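Data first, discussion second: the structure below is written as structure tokens.
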Amino acid sequence: MPLSFPNASARPGDAAHIRLGIFRGMSRRRLGVLTLALSMSLVVIHDLPASASTVAQDAAPVFESQKLELTEASLAASAMKVPVAIERDDFSLTYYTPVQWPIDPGTRISSYFGHRASPCPGCSTNHSGVDFTPGAGVPVHAIADGVVVSMPIGGLGTQVVIRHTIDGTTVYSAYGHLQSGSATAVGTRVRMGDVIGRVGNTGMSSGTHLHLSIMVGDWNFIDPLPWMRAHVTEPWG
Ligand SMILES: [Zn+2]
């Protein structure tokens, strides 16, 4: 079976990633199609004895016995079909790391990623993230499992930076201007959805808001909004 792990950045400890490596690279739609196809194959194989037994006017107990045997057979058959499908169609399945929004995604946005007029003395003109204005004290949630690291970003005041492995790639999420004393300590392992701080107005800030930065790989700031929209797997609330 031609298993391959095309993403070389997968970490050795990422067991789930490696175990499901054969699913990597397949679009969600194709994953759904294959899942449907496997389901249909189960249904087709499973339904055969029902039709046969109807024609043959078999008694119910015989049908139940056949049903059990053929279900096991169909399971074995479907297990063998997985690599065949991948090889024939030259695609693989993808395992998605669960990701959620840090706050209600319907929250008003006051500043977008990239170049901007500085909103306050000392505020950046090349904005490294996106600013949400949910109100003071609103809980901020970790977007994914990870560990809080010490990578302070200038101007963000009380902040939390979390290192994740998302779909096999190292990703950092940073949450800035949190209320003093609300930030989860460096070194803490967090799970997706854990409250890691509360919205505040610390650091270089023109008002109470949450600054969210997303960094991919080696500390590259990217526009958080399209990245989040592409990676969020969990419905809000
Ligand atoms: Zn900001």
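So you can find residues: chains in the structure tokens are A, B, ... in the order shown, residues in each start at 1, and ligands are numbered from 1 in order.
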Give the residues close to ligand 1, within 6 Å, counting only C-alpha atoms and all ligand atoms; write them as a VMD selection string. chain A and resid 129 to 131 211
Put those residues in a file: all heavy atoms, as a short mmCIF file (atom, residue, chain, number, x, y, z; two decimals), in the first residue's frame.
data_model
loop_
_atom_site.label_atom_id
_atom_site.label_comp_id
_atom_site.auth_asym_id
_atom_site.auth_seq_id
_atom_site.Cartn_x
_atom_site.Cartn_y
_atom_site.Cartn_z
N GLY A 129 -2.23 42.09 12.35
CA GLY A 129 -3.36 41.19 12.64
C GLY A 129 -4.67 41.85 12.32
O GLY A 129 -4.74 42.76 11.50
N VAL A 130 -5.70 41.40 13.00
CA VAL A 130 -7.03 41.96 12.81
C VAL A 130 -7.58 42.29 14.20
O VAL A 130 -7.32 41.58 15.17
CB VAL A 130 -7.95 40.98 12.04
CG1 VAL A 130 -8.12 39.67 12.80
CG2 VAL A 130 -9.29 41.60 11.72
N ASP A 131 -8.31 43.41 14.29
CA ASP A 131 -8.83 43.87 15.58
C ASP A 131 -10.34 43.68 15.65
O ASP A 131 -11.08 44.14 14.77
CB ASP A 131 -8.51 45.36 15.79
CG ASP A 131 -7.02 45.62 15.93
OD1 ASP A 131 -6.28 44.66 16.21
OD2 ASP A 131 -6.62 46.79 15.75
N HIS A 211 -6.75 42.00 19.56
CA HIS A 211 -5.90 41.89 18.38
C HIS A 211 -5.58 40.42 18.19
O HIS A 211 -5.10 39.76 19.10
CB HIS A 211 -4.61 42.69 18.59
CG HIS A 211 -3.58 42.46 17.52
ND1 HIS A 211 -3.34 43.36 16.50
CD2 HIS A 211 -2.74 41.41 17.29
CE1 HIS A 211 -2.39 42.89 15.71
NE2 HIS A 211 -2.01 41.70 16.17
#
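All residues of protein, DNA or RNA that reach within 7 Å of range 143-153 of chain A, judged by only C-alpha atoms and not counting those fewer than 3 positions away in the chain, are Pro98, Val99, Gln100, Trp101, Pro102, Leu156, Val160, Val161, Ile162, Arg163, His164, Ala185, Val186, Gly187, Thr188, Arg189, Val190, Arg191, Met192 and Gly193 of chain A.
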Store the residues of this selection in a file with N, CA, C and O atoms, as a tab-separated table (two decimals), in the first residue's frame.
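And here is the file that came out, part_19.tsv:
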chain	number	residue	atom	x	y	z
A	98	PRO	N	-8.91	20.31	14.38
A	98	PRO	CA	-10.03	21.17	14.78
A	98	PRO	C	-9.57	22.60	15.11
A	98	PRO	O	-8.59	22.79	15.82
A	99	VAL	N	-10.26	23.56	14.56
A	99	VAL	CA	-9.96	24.98	14.78
A	99	VAL	C	-11.27	25.72	14.99
A	99	VAL	O	-12.27	25.42	14.34
A	100	GLN	N	-11.26	26.67	15.92
A	100	GLN	CA	-12.46	27.48	16.15
A	100	GLN	C	-12.08	28.96	16.22
A	100	GLN	O	-10.90	29.31	16.30
A	101	TRP	N	-13.06	29.83	16.18
A	101	TRP	CA	-12.82	31.27	16.33
A	101	TRP	C	-12.50	31.58	17.79
A	101	TRP	O	-13.03	30.92	18.70
A	102	PRO	N	-11.68	32.62	18.04
A	102	PRO	CA	-11.34	32.98	19.43
A	102	PRO	C	-12.48	33.70	20.14
A	102	PRO	O	-12.59	33.66	21.37
A	156	LEU	N	1.57	44.87	21.98
A	156	LEU	CA	0.31	44.16	22.24
A	156	LEU	C	-0.05	44.07	23.72
A	156	LEU	O	-1.06	43.47	24.07
A	160	VAL	N	-1.13	36.67	24.77
A	160	VAL	CA	-0.90	35.22	24.79
A	160	VAL	C	-0.52	34.82	23.38
A	160	VAL	O	-1.17	35.23	22.41
A	161	VAL	N	0.55	34.03	23.27
A	161	VAL	CA	0.93	33.45	21.98
A	161	VAL	C	0.90	31.93	22.14
A	161	VAL	O	1.49	31.40	23.08
A	162	ILE	N	0.20	31.27	21.25
A	162	ILE	CA	0.07	29.81	21.34
A	162	ILE	C	0.69	29.18	20.10
A	162	ILE	O	0.44	29.62	18.97
A	163	ARG	N	1.51	28.16	20.35
A	163	ARG	CA	2.06	27.40	19.21
A	163	ARG	C	1.19	26.17	18.99
A	163	ARG	O	0.89	25.42	19.91
A	164	HIS	N	0.78	25.98	17.75
A	164	HIS	CA	-0.08	24.86	17.38
A	164	HIS	C	0.62	24.04	16.28
A	164	HIS	O	1.51	24.54	15.59
A	185	ALA	N	-0.62	31.52	31.49
A	185	ALA	CA	0.84	31.56	31.65
A	185	ALA	C	1.57	30.81	30.55
A	185	ALA	O	1.08	29.81	30.01
A	186	VAL	N	2.78	31.31	30.25
A	186	VAL	CA	3.67	30.64	29.30
A	186	VAL	C	3.95	29.23	29.79
A	186	VAL	O	4.16	29.00	30.98
A	187	GLY	N	3.93	28.30	28.88
A	187	GLY	CA	4.20	26.90	29.21
A	187	GLY	C	2.94	26.08	29.40
A	187	GLY	O	3.00	24.85	29.43
A	188	THR	N	1.79	26.75	29.51
A	188	THR	CA	0.53	26.03	29.73
A	188	THR	C	0.10	25.33	28.44
A	188	THR	O	0.12	25.92	27.37
A	189	ARG	N	-0.28	24.08	28.59
A	189	ARG	CA	-0.88	23.37	27.45
A	189	ARG	C	-2.36	23.72	27.42
A	189	ARG	O	-3.03	23.60	28.45
A	190	VAL	N	-2.84	24.14	26.29
A	190	VAL	CA	-4.25	24.52	26.19
A	190	VAL	C	-4.95	23.66	25.16
A	190	VAL	O	-4.32	23.12	24.24
A	191	ARG	N	-6.25	23.55	25.32
A	191	ARG	CA	-7.08	22.85	24.35
A	191	ARG	C	-7.89	23.88	23.58
A	191	ARG	O	-8.17	24.96	24.09
A	192	MET	N	-8.28	23.50	22.38
A	192	MET	CA	-9.15	24.38	21.61
A	192	MET	C	-10.35	24.78	22.45
A	192	MET	O	-10.98	23.93	23.09
A	193	GLY	N	-10.65	26.09	22.49
A	193	GLY	CA	-11.81	26.56	23.23
A	193	GLY	C	-11.52	27.02	24.64
A	193	GLY	O	-12.33	27.71	25.25
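Put simply, CA of Pro134 in chain A is 27.3 Å away from CA of Thr165 in chain A.
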Near Gly207 in chain A, within 10 Å and counting only C-alpha atoms, which residues show up once chain neighbours fewer than 5 positions away are dropped, as a PyMOL selection string? chain A and resi 119-120+133+135-136+177+200-202
Please dump the current selection as a compact mmCIF listing (two decimals), in the first residue's frame; keep N, CA, C and O atoms.
# COMPACT_ATOMS: atom_id res chain seq x y z
N PRO A 119 -3.70 54.23 14.18
CA PRO A 119 -4.88 54.67 14.92
C PRO A 119 -4.57 55.32 16.27
O PRO A 119 -5.47 55.86 16.90
N CYS A 120 -3.32 55.27 16.71
CA CYS A 120 -2.96 55.92 17.97
C CYS A 120 -1.47 56.17 17.97
O CYS A 120 -0.73 55.54 17.20
N THR A 133 -13.83 44.13 18.20
CA THR A 133 -14.29 44.95 19.34
C THR A 133 -15.51 44.30 20.00
O THR A 133 -16.64 44.81 19.90
N GLY A 135 -15.96 44.05 23.25
CA GLY A 135 -16.25 44.65 24.56
C GLY A 135 -15.32 44.14 25.64
O GLY A 135 -14.77 43.03 25.54
N ALA A 136 -15.14 44.94 26.67
CA ALA A 136 -14.19 44.61 27.73
C ALA A 136 -14.62 43.36 28.49
O ALA A 136 -15.80 43.17 28.79
N HIS A 177 -3.62 42.88 23.78
CA HIS A 177 -4.36 43.91 24.52
C HIS A 177 -5.32 43.30 25.53
O HIS A 177 -6.38 43.87 25.83
N GLY A 200 -9.21 43.35 26.63
CA GLY A 200 -8.86 44.52 27.42
C GLY A 200 -8.32 45.65 26.55
O GLY A 200 -8.66 45.74 25.35
N ASN A 201 -7.48 46.48 27.14
CA ASN A 201 -6.99 47.66 26.45
C ASN A 201 -5.55 47.95 26.85
O ASN A 201 -5.15 49.10 26.95
N THR A 202 -4.77 46.89 27.07
CA THR A 202 -3.38 47.08 27.48
C THR A 202 -2.50 47.26 26.25
O THR A 202 -2.88 46.91 25.13
Nearby residues (only C-alpha atoms) at most 10 Å from Trp219 in chain A, same-chain spacing under 6 positions excluded, as an MDAnalysis selection string: chainID A and resid 151 170:172
Residues of the last selection are to be written out with C-alpha atoms, as an mmCIF file, in the first residue's frame.
data_model
loop_
_atom_site.group_PDB
_atom_site.id
_atom_site.type_symbol
_atom_site.label_atom_id
_atom_site.label_comp_id
_atom_site.auth_asym_id
_atom_site.auth_seq_id
_atom_site.Cartn_x
_atom_site.Cartn_y
_atom_site.Cartn_z
ATOM 1 C CA MET A 151 7.253 35.162 21.958
ATOM 2 C CA THR A 170 3.445 24.934 12.826
ATOM 3 C CA VAL A 171 1.089 27.860 13.361
ATOM 4 C CA TYR A 172 1.131 30.529 16.045
#
Expressed in Å to a single decimal, how great is the separation between CA of Val216 in chain A and CA of Asp167 in chain A? 11.6 Å
In range 115-187 of chain A, what's strand (DSSP E) per DSSP? Answer as a PDB file with C-alpha atoms, in the first residue's frame?
ATOM      1  CA  HIS A 115      -1.145  48.866   5.827  1.00  0.00           C
ATOM      2  CA  ASN A 126       1.569  47.907   9.064  1.00  0.00           C
ATOM      3  CA  HIS A 127      -0.999  46.029  11.073  1.00  0.00           C
ATOM      4  CA  VAL A 130      -7.029  41.956  12.813  1.00  0.00           C
ATOM      5  CA  ASP A 131      -8.829  43.874  15.580  1.00  0.00           C
ATOM      6  CA  PHE A 132     -12.202  42.841  16.966  1.00  0.00           C
ATOM      7  CA  PRO A 139     -13.463  35.684  27.162  1.00  0.00           C
ATOM      8  CA  VAL A 140     -10.948  34.870  24.443  1.00  0.00           C
ATOM      9  CA  HIS A 141     -10.659  31.226  23.416  1.00  0.00           C
ATOM     10  CA  GLY A 146      -1.353  24.045  21.625  1.00  0.00           C
ATOM     11  CA  VAL A 147       1.085  25.378  24.160  1.00  0.00           C
ATOM     12  CA  VAL A 148       1.481  28.960  25.340  1.00  0.00           C
ATOM     13  CA  VAL A 149       4.930  30.192  24.362  1.00  0.00           C
ATOM     14  CA  VAL A 160      -0.896  35.225  24.793  1.00  0.00           C
ATOM     15  CA  VAL A 161       0.932  33.451  21.976  1.00  0.00           C
ATOM     16  CA  ILE A 162       0.069  29.812  21.339  1.00  0.00           C
ATOM     17  CA  ARG A 163       2.062  27.398  19.213  1.00  0.00           C
ATOM     18  CA  HIS A 164      -0.076  24.856  17.376  1.00  0.00           C
ATOM     19  CA  THR A 165       0.422  22.104  14.863  1.00  0.00           C
ATOM     20  CA  ILE A 166      -2.457  22.550  12.459  1.00  0.00           C
ATOM     21  CA  THR A 169       2.098  22.852   9.945  1.00  0.00           C
ATOM     22  CA  THR A 170       3.445  24.934  12.826  1.00  0.00           C
ATOM     23  CA  VAL A 171       1.089  27.860  13.361  1.00  0.00           C
ATOM     24  CA  TYR A 172       1.131  30.529  16.045  1.00  0.00           C
ATOM     25  CA  SER A 173      -1.908  32.460  17.198  1.00  0.00           C
ATOM     26  CA  ALA A 174      -1.409  35.658  19.182  1.00  0.00           C
ATOM     27  CA  TYR A 175      -4.017  37.515  21.201  1.00  0.00           C
ATOM     28  CA  GLY A 176      -3.174  41.070  22.248  1.00  0.00           C
TER      29      GLY A 176
END
How would you write, as a VMD selection string, the set of residues in range 66-227 of chain A that DSSP gives as alpha helix (DSSP H)? chain A and resid 66 to 89 224 to 227
